[in-house]
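Next up, model-v4.cif (mmCIF, C-alpha atoms):
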data_my_file
loop_
_atom_site.group_PDB
_atom_site.id
_atom_site.type_symbol
_atom_site.label_atom_id
_atom_site.label_comp_id
_atom_site.auth_asym_id
_atom_site.auth_seq_id
_atom_site.Cartn_x
_atom_site.Cartn_y
_atom_site.Cartn_z
ATOM 1 C CA MET A 549 16.858 10.336 -11.567
ATOM 2 C CA GLU A 550 20.009 12.125 -10.394
ATOM 3 C CA ASN A 551 19.931 14.701 -13.177
ATOM 4 C CA LYS A 552 20.376 18.443 -12.977
ATOM 5 C CA LYS A 553 17.198 19.976 -11.599
ATOM 6 C CA GLU A 554 16.087 23.570 -11.358
ATOM 7 C CA LYS A 555 13.380 25.061 -9.178
ATOM 8 C CA TYR A 556 10.081 25.414 -10.999
ATOM 9 C CA LEU A 557 7.574 26.407 -8.286
ATOM 10 C CA THR A 558 6.957 26.355 -4.549
ATOM 11 C CA CYS A 559 3.583 24.910 -3.536
ATOM 12 C CA LYS A 560 1.648 24.538 -0.306
ATOM 13 C CA ASP A 561 0.028 21.391 1.062
ATOM 14 C CA HIS A 562 -3.521 22.761 1.368
ATOM 15 C CA THR A 563 -5.046 19.445 2.469
ATOM 16 C CA VAL A 564 -3.174 18.313 5.588
ATOM 17 C CA SER A 565 0.057 19.886 6.816
ATOM 18 C CA GLN A 566 0.028 23.436 5.351
ATOM 19 C CA GLU A 567 3.761 22.897 4.694
ATOM 20 C CA TYR A 568 5.576 24.181 1.604
ATOM 21 C CA PHE A 569 7.381 22.038 -0.975
ATOM 22 C CA ASP A 570 9.445 22.863 -4.039
ATOM 23 C CA LEU A 571 8.816 21.445 -7.482
ATOM 24 C CA LEU A 572 12.110 20.766 -9.251
ATOM 25 C CA TYR A 573 12.250 20.455 -13.024
ATOM 26 C CA ASP A 574 14.119 17.448 -14.406
ATOM 27 C CA LYS A 575 15.086 18.509 -17.918
ATOM 28 C CA ASP A 576 16.205 15.044 -19.055
ATOM 29 C CA LEU A 577 12.873 13.432 -18.174
ATOM 30 C CA ASP A 578 10.709 16.541 -18.712
ATOM 31 C CA MET A 579 8.967 16.146 -15.357
ATOM 32 C CA LEU A 580 8.660 17.844 -11.985
ATOM 33 C CA ILE A 581 9.802 16.325 -8.692
ATOM 34 C CA THR A 582 8.409 17.245 -5.284
ATOM 35 C CA SER A 583 11.163 18.253 -2.859
ATOM 36 C CA PRO A 584 11.681 17.334 -0.135
ATOM 37 C CA GLN A 585 9.828 14.039 -0.357
ATOM 38 C CA PRO A 586 8.582 12.612 2.953
ATOM 39 C CA GLU A 587 10.198 9.436 4.222
ATOM 40 C CA LEU A 588 8.197 6.293 3.491
ATOM 41 C CA ASP A 589 7.169 5.853 7.119
ATOM 42 C CA GLN A 590 5.935 9.465 7.243
ATOM 43 C CA LEU A 591 4.102 9.549 3.922
ATOM 44 C CA GLY A 592 0.906 7.971 5.258
ATOM 45 C CA ALA A 593 0.296 10.886 7.631
ATOM 46 C CA TYR A 594 -0.192 13.204 4.651
ATOM 47 C CA TYR A 595 -3.222 11.154 3.569
ATOM 48 C CA GLU A 596 -4.981 11.335 6.934
ATOM 49 C CA SER A 597 -7.698 13.814 6.114
ATOM 50 C CA ASP A 598 -11.431 13.655 5.444
ATOM 51 C CA ALA A 599 -10.692 16.029 2.588
ATOM 52 C CA TYR A 600 -8.782 13.267 0.813
ATOM 53 C CA ILE A 601 -11.871 12.165 -1.024
ATOM 54 C CA SER A 602 -10.576 9.110 -2.905
ATOM 55 C CA HIS A 603 -10.313 7.334 0.467
ATOM 56 C CA THR A 604 -13.918 8.089 1.432
ATOM 57 C CA ASP A 605 -17.406 8.103 -0.063
ATOM 58 C CA SER A 606 -18.123 11.528 1.390
ATOM 59 C CA LYS A 607 -21.025 13.559 0.000
ATOM 60 C CA SER A 608 -21.028 16.237 2.687
ATOM 61 C CA SER A 609 -20.078 19.300 0.646
ATOM 62 C CA PHE A 610 -21.078 20.534 -2.801
ATOM 63 C CA THR A 611 -17.581 19.706 -4.037
ATOM 64 C CA ASP A 612 -17.926 16.160 -2.660
ATOM 65 C CA LYS A 613 -21.304 15.710 -4.339
ATOM 66 C CA LEU A 614 -19.956 16.987 -7.644
ATOM 67 C CA TYR A 615 -16.961 14.669 -7.340
ATOM 68 C CA GLN A 616 -19.239 11.678 -6.710
ATOM 69 C CA TRP A 617 -21.530 12.582 -9.626
ATOM 70 C CA VAL A 618 -18.620 12.925 -12.029
ATOM 71 C CA LYS A 619 -17.100 9.728 -10.635
ATOM 72 C CA ASN A 620 -20.268 7.765 -11.396
ATOM 73 C CA TYR A 621 -20.278 9.035 -14.982
ATOM 74 C CA THR A 622 -16.580 8.364 -15.543
ATOM 75 C CA LEU A 623 -16.878 4.857 -14.051
ATOM 76 C CA LYS A 624 -19.162 3.934 -16.933
ATOM 77 C CA GLN A 625 -16.627 5.372 -19.382
ATOM 78 C CA LYS A 626 -13.788 3.425 -17.750
ATOM 79 C CA VAL A 627 -15.663 0.133 -18.004
ATOM 80 C CA LYS A 628 -16.556 0.929 -21.607
ATOM 81 C CA LEU A 629 -12.837 1.432 -22.253
ATOM 82 C CA ILE A 630 -11.685 -1.884 -20.746
ATOM 83 C CA ASP A 631 -14.590 -3.744 -22.377
ATOM 84 C CA SER A 632 -13.253 -2.530 -25.743
ATOM 85 C CA PHE A 633 -10.008 -4.487 -25.267
ATOM 86 C CA LYS A 634 -9.844 -7.950 -26.791
ATOM 87 C CA THR A 635 -8.999 -10.072 -23.760
ATOM 88 C CA GLN A 636 -9.426 -13.794 -23.260
ATOM 89 C CA ASP A 637 -9.769 -14.068 -19.481
ATOM 90 C CA LYS A 638 -10.977 -10.571 -18.496
ATOM 91 C CA GLU A 639 -8.609 -10.410 -15.526
ATOM 92 C CA LEU A 640 -8.246 -6.908 -14.100
ATOM 93 C CA LEU A 641 -5.905 -5.500 -11.465
ATOM 94 C CA ASP A 642 -6.727 -1.986 -10.251
ATOM 95 C CA ILE A 643 -3.846 -0.464 -8.295
ATOM 96 C CA GLY A 644 -4.788 2.251 -5.818
ATOM 97 C CA CYS A 645 -8.383 1.048 -6.004
ATOM 98 C CA GLY A 646 -9.563 3.395 -3.235
ATOM 99 C CA THR A 647 -13.067 2.507 -2.076
ATOM 100 C CA GLY A 648 -13.515 -0.006 -4.894
ATOM 101 C CA ASP A 649 -16.053 1.680 -7.169
ATOM 102 C CA PHE A 650 -14.214 0.888 -10.411
ATOM 103 C CA LEU A 651 -13.647 -2.717 -9.343
ATOM 104 C CA LYS A 652 -17.341 -3.068 -8.541
ATOM 105 C CA VAL A 653 -18.615 -1.859 -11.926
ATOM 106 C CA ALA A 654 -15.926 -3.928 -13.706
ATOM 107 C CA GLN A 655 -17.027 -6.965 -11.711
ATOM 108 C CA GLN A 656 -20.628 -6.325 -12.732
ATOM 109 C CA SER A 657 -19.433 -6.227 -16.345
ATOM 110 C CA GLY A 658 -17.994 -9.727 -16.094
ATOM 111 C CA TRP A 659 -14.393 -8.998 -15.125
ATOM 112 C CA LYS A 660 -12.484 -11.101 -12.624
ATOM 113 C CA VAL A 661 -11.187 -8.323 -10.395
ATOM 114 C CA SER A 662 -8.226 -7.820 -8.094
ATOM 115 C CA GLY A 663 -7.177 -4.679 -6.279
ATOM 116 C CA ALA A 664 -4.321 -3.091 -4.362
ATOM 117 C CA GLU A 665 -4.950 -0.289 -1.864
ATOM 118 C CA PRO A 666 -2.587 0.745 0.965
ATOM 119 C CA ASN A 667 -5.209 2.671 2.942
ATOM 120 C CA LYS A 668 -6.879 0.229 5.335
ATOM 121 C CA LYS A 669 -10.137 2.170 5.690
ATOM 122 C CA ALA A 670 -10.585 2.545 1.926
ATOM 123 C CA ARG A 671 -9.683 -1.118 1.379
ATOM 124 C CA GLN A 672 -12.352 -2.217 3.847
ATOM 125 C CA LEU A 673 -14.981 -0.124 2.046
ATOM 126 C CA ALA A 674 -13.894 -1.724 -1.240
ATOM 127 C CA TYR A 675 -14.143 -5.204 0.267
ATOM 128 C CA GLU A 676 -17.716 -4.586 1.443
ATOM 129 C CA LYS A 677 -18.788 -3.346 -2.010
ATOM 130 C CA LEU A 678 -17.256 -6.295 -3.860
ATOM 131 C CA LYS A 679 -18.714 -8.781 -1.401
ATOM 132 C CA GLN A 680 -22.197 -7.401 -2.089
ATOM 133 C CA THR A 681 -21.725 -8.053 -5.803
ATOM 134 C CA SER A 682 -20.044 -11.450 -5.563
ATOM 135 C CA GLY A 683 -22.205 -12.842 -2.738
ATOM 136 C CA ASP A 684 -20.786 -15.933 -1.074
ATOM 137 C CA GLN A 685 -18.300 -16.599 -3.885
ATOM 138 C CA ASN A 686 -15.728 -13.991 -2.779
ATOM 139 C CA ASP A 687 -14.032 -14.454 -6.156
ATOM 140 C CA PHE A 688 -11.851 -11.366 -5.881
ATOM 141 C CA ASP A 689 -8.563 -10.347 -4.273
ATOM 142 C CA LEU A 690 -7.892 -7.153 -2.329
ATOM 143 C CA GLU A 691 -4.372 -6.586 -1.051
ATOM 144 C CA LYS A 692 -2.356 -3.786 0.522
ATOM 145 C CA ASP A 693 0.105 -3.607 -2.391
ATOM 146 C CA ILE A 694 1.182 -5.442 -5.532
ATOM 147 C CA GLN A 695 3.807 -7.611 -3.798
ATOM 148 C CA PHE A 696 1.164 -10.293 -3.168
ATOM 149 C CA TYR A 697 0.531 -10.618 -6.908
ATOM 150 C CA LEU A 698 4.231 -10.565 -7.779
ATOM 151 C CA GLU A 699 5.041 -13.287 -5.251
ATOM 152 C CA LYS A 700 2.184 -15.432 -6.573
ATOM 153 C CA GLY A 701 3.484 -15.007 -10.131
ATOM 154 C CA LEU A 702 0.106 -13.705 -11.309
ATOM 155 C CA SER A 703 -0.487 -11.718 -14.478
ATOM 156 C CA PHE A 704 -3.411 -9.711 -15.809
ATOM 157 C CA ASP A 705 -5.079 -8.723 -19.076
ATOM 158 C CA VAL A 706 -5.581 -5.165 -17.857
ATOM 159 C CA ILE A 707 -3.797 -3.248 -15.093
ATOM 160 C CA SER A 708 -5.188 0.171 -14.233
ATOM 161 C CA MET A 709 -3.709 2.999 -12.198
ATOM 162 C CA TRP A 710 -6.157 5.903 -12.068
ATOM 163 C CA HIS A 711 -4.152 8.833 -10.669
ATOM 164 C CA VAL A 712 -1.755 6.572 -8.773
ATOM 165 C CA LEU A 713 1.658 6.644 -10.482
ATOM 166 C CA GLU A 714 2.292 10.155 -9.165
ATOM 167 C CA HIS A 715 2.088 8.727 -5.619
ATOM 168 C CA VAL A 716 4.618 5.895 -6.115
ATOM 169 C CA PRO A 717 7.983 6.502 -4.348
ATOM 170 C CA ASN A 718 10.151 4.834 -7.029
ATOM 171 C CA PRO A 719 8.382 4.954 -10.410
ATOM 172 C CA GLU A 720 11.143 3.326 -12.473
ATOM 173 C CA GLN A 721 11.298 0.276 -10.202
ATOM 174 C CA TYR A 722 7.509 0.192 -10.013
ATOM 175 C CA ILE A 723 7.168 0.214 -13.800
ATOM 176 C CA SER A 724 9.474 -2.810 -14.013
ATOM 177 C CA GLU A 725 7.147 -4.609 -11.577
ATOM 178 C CA LEU A 726 4.086 -3.595 -13.575
ATOM 179 C CA LYS A 727 5.672 -5.136 -16.654
ATOM 180 C CA LYS A 728 5.988 -8.473 -14.836
ATOM 181 C CA LEU A 729 2.314 -8.370 -13.880
ATOM 182 C CA LEU A 730 1.053 -7.578 -17.377
ATOM 183 C CA LYS A 731 0.263 -10.428 -19.778
ATOM 184 C CA PRO A 732 2.151 -10.383 -23.113
ATOM 185 C CA GLU A 733 -0.848 -8.904 -24.953
ATOM 186 C CA GLY A 734 -2.156 -7.010 -21.941
ATOM 187 C CA VAL A 735 -2.927 -3.303 -21.602
ATOM 188 C CA LEU A 736 -1.678 -1.010 -18.855
ATOM 189 C CA ILE A 737 -3.823 2.060 -18.164
ATOM 190 C CA ILE A 738 -2.021 4.994 -16.573
ATOM 191 C CA ALA A 739 -3.992 8.162 -15.767
ATOM 192 C CA VAL A 740 -2.059 11.123 -14.364
ATOM 193 C CA PRO A 741 -2.340 14.929 -14.172
ATOM 194 C CA ASN A 742 -0.538 16.893 -16.866
ATOM 195 C CA PHE A 743 1.510 19.826 -15.578
ATOM 196 C CA LYS A 744 1.683 21.252 -19.117
ATOM 197 C CA SER A 745 -2.070 21.845 -19.303
ATOM 198 C CA TYR A 746 -3.570 25.319 -19.534
ATOM 199 C CA ASP A 747 -5.160 25.119 -16.085
ATOM 200 C CA ALA A 748 -1.809 24.125 -14.534
ATOM 201 C CA ASN A 749 -0.126 27.135 -16.143
ATOM 202 C CA TYR A 750 -3.027 29.407 -15.193
ATOM 203 C CA TYR A 751 -3.170 28.506 -11.492
ATOM 204 C CA LYS A 752 0.568 27.886 -11.105
ATOM 205 C CA ARG A 753 1.390 27.245 -7.414
ATOM 206 C CA PHE A 754 -2.324 27.005 -6.572
ATOM 207 C CA TRP A 755 -3.008 24.230 -9.094
ATOM 208 C CA ALA A 756 -4.752 21.567 -7.036
ATOM 209 C CA ALA A 757 -3.337 18.672 -9.048
ATOM 210 C CA TYR A 758 0.167 19.366 -7.753
ATOM 211 C CA ASP A 759 -1.223 18.101 -4.414
ATOM 212 C CA VAL A 760 2.156 18.135 -2.647
ATOM 213 C CA PRO A 761 3.590 16.101 -1.045
ATOM 214 C CA ARG A 762 1.195 13.250 -1.884
ATOM 215 C CA HIS A 763 2.064 13.715 -5.547
ATOM 216 C CA LEU A 764 5.778 12.969 -5.652
ATOM 217 C CA TRP A 765 6.111 13.307 -9.434
ATOM 218 C CA HIS A 766 4.411 15.492 -12.025
ATOM 219 C CA PHE A 767 4.404 14.099 -15.543
ATOM 220 C CA SER A 768 4.297 15.375 -19.096
ATOM 221 C CA GLN A 769 3.484 13.277 -22.154
ATOM 222 C CA ARG A 770 7.185 13.070 -22.936
ATOM 223 C CA SER A 771 8.147 11.920 -19.434
ATOM 224 C CA ILE A 772 5.611 9.072 -19.520
ATOM 225 C CA SER A 773 6.951 7.871 -22.875
ATOM 226 C CA LEU A 774 10.550 8.075 -21.653
ATOM 227 C CA LEU A 775 9.944 6.278 -18.348
ATOM 228 C CA PHE A 776 8.101 3.371 -19.943
ATOM 229 C CA SER A 777 10.454 3.079 -22.899
ATOM 230 C CA LYS A 778 13.236 2.373 -20.389
ATOM 231 C CA GLN A 779 11.350 -0.839 -19.572
ATOM 232 C CA LYS A 780 10.703 -1.581 -23.269
ATOM 233 C CA MET A 781 7.075 -0.588 -23.012
ATOM 234 C CA LYS A 782 5.342 1.884 -25.290
ATOM 235 C CA VAL A 783 2.395 4.258 -25.228
ATOM 236 C CA VAL A 784 -0.008 3.085 -27.930
ATOM 237 C CA LYS A 785 -2.773 5.621 -27.329
ATOM 238 C CA THR A 786 -3.428 8.758 -25.276
ATOM 239 C CA LEU A 787 -6.909 9.831 -24.192
ATOM 240 C CA PRO A 788 -8.199 12.992 -22.465
ATOM 241 C CA MET A 789 -9.905 13.214 -19.065
ATOM 242 C CA LYS A 790 -12.013 16.267 -19.814
ATOM 243 C CA PHE A 791 -13.847 16.478 -16.486
ATOM 244 C CA ASP A 792 -10.579 16.864 -14.571
ATOM 245 C CA SER A 793 -10.006 20.430 -15.728
ATOM 246 C CA PHE A 794 -13.306 21.535 -14.138
ATOM 247 C CA TYR A 795 -12.877 19.706 -10.843
ATOM 248 C CA VAL A 796 -9.219 20.705 -10.473
ATOM 249 C CA SER A 797 -10.042 24.323 -11.349
ATOM 250 C CA MET A 798 -12.756 24.370 -8.693
ATOM 251 C CA LEU A 799 -10.293 23.238 -6.012
ATOM 252 C CA SER A 800 -7.615 25.584 -7.347
ATOM 253 C CA GLU A 801 -9.969 28.554 -7.045
ATOM 254 C CA LYS A 802 -10.514 27.638 -3.408
ATOM 255 C CA TYR A 803 -6.758 27.441 -2.755
ATOM 256 C CA LYS A 804 -6.091 30.708 -4.570
ATOM 257 C CA ASN A 805 -8.932 32.838 -3.179
ATOM 258 C CA GLN A 806 -9.853 31.023 0.061
ATOM 259 C CA LYS A 807 -13.306 30.427 -1.418
ATOM 260 C CA GLY A 808 -14.762 28.622 -4.381
ATOM 261 C CA ASN A 809 -15.673 30.594 -7.478
ATOM 262 C CA LEU A 810 -17.708 28.203 -9.600
ATOM 263 C CA LEU A 811 -18.073 30.545 -12.554
ATOM 264 C CA SER A 812 -14.347 31.275 -12.762
ATOM 265 C CA ALA A 813 -13.514 27.579 -12.302
ATOM 266 C CA PHE A 814 -15.930 26.584 -15.071
ATOM 267 C CA LYS A 815 -14.491 29.178 -17.454
ATOM 268 C CA THR A 816 -10.908 28.069 -16.754
ATOM 269 C CA GLY A 817 -11.789 24.394 -17.077
ATOM 270 C CA LEU A 818 -13.626 24.998 -20.346
ATOM 271 C CA LEU A 819 -10.795 27.133 -21.753
ATOM 272 C CA SER A 820 -8.284 24.433 -20.789
ATOM 273 C CA ASN A 821 -10.219 21.819 -22.737
ATOM 274 C CA LEU A 822 -10.690 24.121 -25.730
ATOM 275 C CA LYS A 823 -6.975 24.902 -25.911
ATOM 276 C CA ALA A 824 -6.159 21.202 -25.553
ATOM 277 C CA LYS A 825 -8.076 20.457 -28.749
ATOM 278 C CA SER A 826 -5.080 21.776 -30.671
ATOM 279 C CA ASN A 827 -2.136 20.702 -28.483
ATOM 280 C CA PHE A 828 -3.705 17.757 -26.553
ATOM 281 C CA GLU A 829 -2.383 19.137 -23.257
ATOM 282 C CA TYR A 830 -5.486 18.242 -21.234
ATOM 283 C CA SER A 831 -5.562 18.654 -17.454
ATOM 284 C CA SER A 832 -5.229 14.885 -17.057
ATOM 285 C CA LEU A 833 -4.389 12.212 -19.605
ATOM 286 C CA ILE A 834 -4.950 8.472 -19.892
ATOM 287 C CA TYR A 835 -2.096 6.481 -21.419
ATOM 288 C CA LEU A 836 -2.680 3.020 -22.867
ATOM 289 C CA ILE A 837 0.612 1.164 -22.658
ATOM 290 C CA LYS A 838 1.725 -2.240 -23.945
ATOM 291 C CA HIS A 839 4.850 -4.330 -24.048
ATOM 292 C CA GLY A 840 7.237 -2.848 -26.613
#

Using the file provided, produce a representation of the structure as structure tokens.
Amino acid sequence: MENKKEKYLTCKDHTVSQEYFDLLYDKDLDMLITSPQPELDQLGAYYESDAYISHTDSKSSFTDKLYQWVKNYTLKQKVKLIDSFKTQDKELLDIGCGTGDFLKVAQQSGWKVSGAEPNKKARQLAYEKLKQTSGDQNDFDLEKDIQFYLEKGLSFDVISMWHVLEHVPNPEQYISELKKLLKPEGVLIIAVPNFKSYDANYYKRFWAAYDVPRHLWHFSQRSISLLFSKQKMKVVKTLPMKFDSFYVSMLSEKYKNQKGNLLSAFKTGLLSNLKAKSNFEYSSLIYLIKHG
């Protein structure tokens, strides 16, 4: 990724450090790169916040409650999606599984589930949820990262990464590892924010989905296709995540005006989705990827 890069924006870490980071545009890959990127041993500190909701089950604020309500709805949609795939063994690996909600509903739908989650607290919450569903069988795996599965030589019918690839320090190497873990006819699900959406262009440096420095990379549809084609994998379908524009706009309003403006956030989120009907540049996109 040592291509010529030009400065695109400067953004603030509103969640933890209040530090500023540049977004550099990589023309060859059509993506943005957070700069500077924290060292690996420092990266974890940027996740240590109660505001980082994917690592908690918080329902303390209105935003938290809305997030949890939307999450419950989208969980059903996610399971409906993976149930639509023709798989023989129904073996699922969810990378960045957070507190395990997706794994739990997939397990209840008959999937043999495995997860990877680096955050110890979130992983423990996930373990407790899955144990409730499986009882004494404990027929699931929960690991810190995917190295366990690689070393065991395991492979899966479906691998999901819901808003995770943007957090991975070396995406090209990681994609090569994902390919090894995916069965020949398997499906890889990659969901990431889209910096070419209307709401991203509207909020600019206040766009919550930049989430620097936790988000190291910021993808476009073209960059996803290019990165996976390097590993002889191809995007076979792209789907919208329509709720993301509303939730991200709500957070962005808070960052921009120091207070939430629900009406303005709703209008921006709605307009983003309406504009995306013609250009498909939704706030977040789901990519279904297979071996090429």

From the options A:His711, A:Lys804, A:Lys731, A:His763, which residue's atoms come nearest to Tyr835 in chain A, counting only C-alpha atoms?
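Among A:His711, A:Lys804, A:Lys731, A:His763, it is A:His711 that comes nearest to Tyr835 in chain A.
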
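Proximity to Gly646 in chain A was assessed for A:Lys700, A:Val712, A:Asp598, A:Ser768 counting only C-alpha atoms; the smallest distance is recorded for A:Val712.
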
Of the candidates A:Met709, A:Leu572, A:Leu833, A:Val796, which shows the shortest atom-to-atom distance to Trp755 in chain A, using only C-alpha atoms?
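Using only C-alpha atoms, Trp755 in chain A sits closest to A:Val796.
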
Could you list the residues chosen by the PyMOL selection byres ((chain A and resi 803) around 10) in this structure as a PDB file with C-alpha atoms, keeping the file's coordinate frame?
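Just written: out_39.pdb:
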ATOM      1  CA  LYS A 560       1.648  24.538  -0.306  1.00  0.00           C
ATOM      2  CA  ASP A 561       0.028  21.391   1.062  1.00  0.00           C
ATOM      3  CA  HIS A 562      -3.521  22.761   1.368  1.00  0.00           C
ATOM      4  CA  THR A 563      -5.046  19.445   2.469  1.00  0.00           C
ATOM      5  CA  TYR A 751      -3.170  28.506 -11.492  1.00  0.00           C
ATOM      6  CA  ARG A 753       1.390  27.245  -7.414  1.00  0.00           C
ATOM      7  CA  PHE A 754      -2.324  27.005  -6.572  1.00  0.00           C
ATOM      8  CA  TRP A 755      -3.008  24.230  -9.094  1.00  0.00           C
ATOM      9  CA  ALA A 756      -4.752  21.567  -7.036  1.00  0.00           C
ATOM     10  CA  SER A 797     -10.042  24.323 -11.349  1.00  0.00           C
ATOM     11  CA  MET A 798     -12.756  24.370  -8.693  1.00  0.00           C
ATOM     12  CA  LEU A 799     -10.293  23.238  -6.012  1.00  0.00           C
ATOM     13  CA  SER A 800      -7.615  25.584  -7.347  1.00  0.00           C
ATOM     14  CA  GLU A 801      -9.969  28.554  -7.045  1.00  0.00           C
ATOM     15  CA  LYS A 802     -10.514  27.638  -3.408  1.00  0.00           C
ATOM     16  CA  LYS A 804      -6.091  30.708  -4.570  1.00  0.00           C
ATOM     17  CA  ASN A 805      -8.932  32.838  -3.179  1.00  0.00           C
ATOM     18  CA  GLN A 806      -9.853  31.023   0.061  1.00  0.00           C
ATOM     19  CA  LYS A 807     -13.306  30.427  -1.418  1.00  0.00           C
ATOM     20  CA  GLY A 808     -14.762  28.622  -4.381  1.00  0.00           C
TER      21      GLY A 808
END

Step by step, work through what the PyMOL selection byres ((chain A and resi 688) around 7) selects in the shown file, and finish by giving those residues as a VMD selection string.
chain A and resid 660 to 662 686 to 687 689 to 690

Go ahead and dump the residues you just picked, C-alpha atoms, as a PDB file, keeping the file's coordinate frame.
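Result file follows (result02.pdb):
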ATOM      1  CA  LYS A 660     -12.484 -11.101 -12.624  1.00  0.00           C
ATOM      2  CA  VAL A 661     -11.187  -8.323 -10.395  1.00  0.00           C
ATOM      3  CA  SER A 662      -8.226  -7.820  -8.094  1.00  0.00           C
ATOM      4  CA  ASN A 686     -15.728 -13.991  -2.779  1.00  0.00           C
ATOM      5  CA  ASP A 687     -14.032 -14.454  -6.156  1.00  0.00           C
ATOM      6  CA  ASP A 689      -8.563 -10.347  -4.273  1.00  0.00           C
ATOM      7  CA  LEU A 690      -7.892  -7.153  -2.329  1.00  0.00           C
TER       8      LEU A 690
END

Could you pull out every residue with an atom within 12 Å of (-0.1, 25.4, -17.9), file coordinates, counting only C-alpha atoms, and send them as number ranges by chain?
A: 741-755, 757-758, 768, 793, 797, 816-817, 819-821, 823-824, 827, 829-832

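Pairwise distance (CA of Asp705 in chain A, CA of Asp637 in chain A) equals 7.1 Å.
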